[in-house]
Amino acid sequence: MPKRSMKHDDPLEDFTRREIALDGVSKAVHVAGSGPAVIVMTEMPGISPYVARFARWVRDAGFTVYMPSLFGRDGAVPNVEEGTAVFQRACVSAEFRALAANESSPVTKWLRSLARFAHGECGGPGVGAIGMCFTGNFALTMMLEPSMLAPVLSQPSLPLNDPAGIEIAPDEIKAVRERLDREDLTLLAYRFEGDKFCMAQRFAAYQEALGDRFIGRVLPDNAANTDIPEFFERYVTTPHSVVTAHLIDETGQPTIAARDEILGFFKQRLAP
């Protein structure tokens, strides 16, 4: 994949923008590639060039990427004013539960339907999904959809006001655990050691709820990229975005190893 600048808006010209209506709700979804489906859910404050780069890596690994527009301006480099406005709107949106522990965000119902829809279009054994930051926990709730086989949680940050909270209802996490055990499945999760939005307490809560079905990876803070957009400089003051803004795109870097493990996980679970 040719290198693109992360400092300029991404036109997303190599994705097809589709309006996909599910459960009476229509959302824009950027689609590219071929092969089994993988849903890439953006971090806050939207589909930045970094998120699009990761989606292209997934596409080039042999998958059909479905990248829904959940908030923000698609392809934009996040600046302080625009990013702040997006964050504030998402925090009060009825689709998200930014401050509620033990409760799933309503948008996850639509995302489960998207997984079912994508599986119908692409075939194969099932679907993969990765959530990041604000959407980080969504791939876990999406395991309530039978077609979902490969969930990845990257720096799951909700609920914002409870470091030990997990954003899923108790009956749903119980159902997910039972499915993981029954089908011998696992989920991958990633965070930086000093991340103030996704702290050690959250991974401990996942471990308690899911046991050895939860595979958590913790990267050292010195493995994070420091050349980041102004929105991150202002508000994301600790290493946070494992496979996007804080990834160092160089061979041998821990963040590249994390990316490769995720791609390998998708291949293992979703290979026909």
# chains A, B, ... in the order shown; residues from 1 in each chain; ligands from 1
>>> select_by_dssp(residues="range 204-237 of chain A", states="strand (DSSP E or B)", output="list in words")
Phe214, Ile215, Gly216, Arg217, Val218 and Leu219 of chain A
>>> closest_atom_pairs(of="range 115-167 of chain A", to="range 181-200 of chain A", cutoff="8 Å", atoms="only C-alpha atoms", output="Markdown table")
| residue | atom | partner | partner_atom | distance |
| --- | --- | --- | --- | --- |
| A:Leu140 | CA | A:Leu187 | CA | 7.8 |
| A:Leu149 | CA | A:Leu185 | CA | 7.4 |
| A:Ala150 | CA | A:Leu187 | CA | 6.7 |
| A:Pro151 | CA | A:Leu187 | CA | 5.2 |
| A:Val152 | CA | A:Leu188 | CA | 4.8 |
| A:Leu153 | CA | A:Ala189 | CA | 4.5 |
| A:Ser154 | CA | A:Tyr190 | CA | 4.8 |
| A:Gln155 | CA | A:Arg191 | CA | 4.8 |
| A:Pro156 | CA | A:Cys198 | CA | 6.0 |
| A:Ser157 | CA | A:Cys198 | CA | 5.1 |
| A:Leu160 | CA | A:Phe197 | CA | 7.0 |
| A:Pro163 | CA | A:Met199 | CA | 6.1 |
| A:Ala164 | CA | A:Met199 | CA | 7.8 |
>>> write_last_selection(atoms="N, CA, C and O atoms", output="PDB file, in the first residue's frame")
ATOM      1  N   LEU A 140     -17.197  -6.466  21.383  1.00  0.00           N
ATOM      2  CA  LEU A 140     -17.597  -7.450  22.394  1.00  0.00           C
ATOM      3  C   LEU A 140     -19.111  -7.643  22.359  1.00  0.00           C
ATOM      4  O   LEU A 140     -19.599  -8.776  22.290  1.00  0.00           O
ATOM      5  N   LEU A 149     -17.160 -13.646  14.611  1.00  0.00           N
ATOM      6  CA  LEU A 149     -16.218 -14.679  15.060  1.00  0.00           C
ATOM      7  C   LEU A 149     -14.895 -14.122  15.570  1.00  0.00           C
ATOM      8  O   LEU A 149     -14.170 -14.829  16.275  1.00  0.00           O
ATOM      9  N   ALA A 150     -14.550 -12.896  15.205  1.00  0.00           N
ATOM     10  CA  ALA A 150     -13.205 -12.382  15.498  1.00  0.00           C
ATOM     11  C   ALA A 150     -13.298 -10.970  16.059  1.00  0.00           C
ATOM     12  O   ALA A 150     -13.141  -9.986  15.328  1.00  0.00           O
ATOM     13  N   PRO A 151     -13.536 -10.817  17.364  1.00  0.00           N
ATOM     14  CA  PRO A 151     -13.662  -9.486  17.965  1.00  0.00           C
ATOM     15  C   PRO A 151     -12.330  -8.947  18.489  1.00  0.00           C
ATOM     16  O   PRO A 151     -11.569  -9.662  19.150  1.00  0.00           O
ATOM     17  N   VAL A 152     -12.065  -7.671  18.207  1.00  0.00           N
ATOM     18  CA  VAL A 152     -10.858  -7.005  18.695  1.00  0.00           C
ATOM     19  C   VAL A 152     -11.265  -5.694  19.364  1.00  0.00           C
ATOM     20  O   VAL A 152     -12.017  -4.902  18.795  1.00  0.00           O
ATOM     21  N   LEU A 153     -10.745  -5.469  20.574  1.00  0.00           N
ATOM     22  CA  LEU A 153     -11.015  -4.257  21.337  1.00  0.00           C
ATOM     23  C   LEU A 153      -9.706  -3.480  21.453  1.00  0.00           C
ATOM     24  O   LEU A 153      -8.764  -3.945  22.081  1.00  0.00           O
ATOM     25  N   SER A 154      -9.647  -2.309  20.821  1.00  0.00           N
ATOM     26  CA  SER A 154      -8.445  -1.489  20.890  1.00  0.00           C
ATOM     27  C   SER A 154      -8.734  -0.277  21.762  1.00  0.00           C
ATOM     28  O   SER A 154      -9.649   0.494  21.478  1.00  0.00           O
ATOM     29  N   GLN A 155      -7.988  -0.146  22.845  1.00  0.00           N
ATOM     30  CA  GLN A 155      -8.135   0.917  23.850  1.00  0.00           C
ATOM     31  C   GLN A 155      -9.596   1.265  24.150  1.00  0.00           C
ATOM     32  O   GLN A 155     -10.024   2.403  24.011  1.00  0.00           O
ATOM     33  N   PRO A 156     -10.420   0.270  24.567  1.00  0.00           N
ATOM     34  CA  PRO A 156     -11.834   0.556  24.859  1.00  0.00           C
ATOM     35  C   PRO A 156     -11.968   1.573  25.988  1.00  0.00           C
ATOM     36  O   PRO A 156     -11.492   1.346  27.094  1.00  0.00           O
ATOM     37  N   SER A 157     -12.640   2.694  25.711  1.00  0.00           N
ATOM     38  CA  SER A 157     -12.589   3.852  26.609  1.00  0.00           C
ATOM     39  C   SER A 157     -13.892   4.160  27.337  1.00  0.00           C
ATOM     40  O   SER A 157     -13.928   5.074  28.160  1.00  0.00           O
ATOM     41  N   LEU A 160     -16.579   6.584  30.331  1.00  0.00           N
ATOM     42  CA  LEU A 160     -15.514   7.547  30.557  1.00  0.00           C
ATOM     43  C   LEU A 160     -15.262   7.836  32.031  1.00  0.00           C
ATOM     44  O   LEU A 160     -14.158   8.232  32.407  1.00  0.00           O
ATOM     45  N   PRO A 163     -13.105   3.844  35.522  1.00  0.00           N
ATOM     46  CA  PRO A 163     -11.973   3.103  34.956  1.00  0.00           C
ATOM     47  C   PRO A 163     -12.143   1.590  34.980  1.00  0.00           C
ATOM     48  O   PRO A 163     -11.574   0.886  34.146  1.00  0.00           O
ATOM     49  N   ALA A 164     -12.936   1.080  35.924  1.00  0.00           N
ATOM     50  CA  ALA A 164     -13.150  -0.364  36.035  1.00  0.00           C
ATOM     51  C   ALA A 164     -14.446  -0.808  35.375  1.00  0.00           C
ATOM     52  O   ALA A 164     -14.789  -1.986  35.427  1.00  0.00           O
TER      53      ALA A 164
END
>>> closest_residue(among="A:Gln268, A:Ser147, A:Ser69, A:Ser241", to="Glu19 in chain A", atoms="only C-alpha atoms")
A:Ser69
>>> select_by_dssp(residues="range 5-247 of chain A", states="helix (DSSP H, G or I)", output="MDAnalysis selection string")
chainID A and resid 49:60 80:92 107:122 133:135 138:144 170:183 200:213 221:223 230:235
>>> residues_around(residues="range 57-67 of chain A", least_positions_apart="6", cutoff="9 Å", atoms="only C-alpha atoms", output="list in words")
Met1, Phe15, Ala28, Val29, His30, Val31, Ala32, Gly33, Ser34, Gly35, Pro36, Ala37, Val38, Ile39, Val40, Met41, Thr42, Ile47, Leu114, Ala118, Cys122, Arg259, Leu263, Gly264, Phe266 and Lys267 of chain A
>>> closest_residue(among="A:Leu180, A:Ile20, A:Ala223, A:Ile228", to="Ile248 in chain A", atoms="only C-alpha atoms")
A:Ala223
>>> closest_atom_pairs(of="range 137-218 of chain A", to="range 79-91 of chain A", cutoff="12 Å", atoms="only C-alpha atoms", output="tab-separated table")
residue	atom	partner	partner_atom	distance
A:Leu158	CA	A:Cys91	CA	10.3
A:Pro159	CA	A:Cys91	CA	10.3
A:Leu160	CA	A:Cys91	CA	9.5
A:Asn161	CA	A:Cys91	CA	11.6
>>> closest_residue(among="A:Phe54, A:Asp74, A:Val25, A:Ser105", to="Leu12 in chain A", atoms="only C-alpha atoms")
A:Asp74
>>> atom_distance(atom1="CA of Ala52 in chain A", atom2="CA of Ala76 in chain A")
10.1 Å
>>> residues_around(residues="Leu111 in chain A", least_positions_apart="6", cutoff="9 Å", atoms="only C-alpha atoms", output="NGL selection string")
:A and (22 or 39 or 68 or 138-139 or 142)
>>> atom_distance(atom1="CA of Phe117 in chain A", atom2="CA of Pro11 in chain A")
25.6 Å
>>> closest_residue(among="A:Phe231, A:Phe265, A:Phe214, A:Phe203", to="Val176 in chain A", atoms="only C-alpha atoms")
A:Phe214
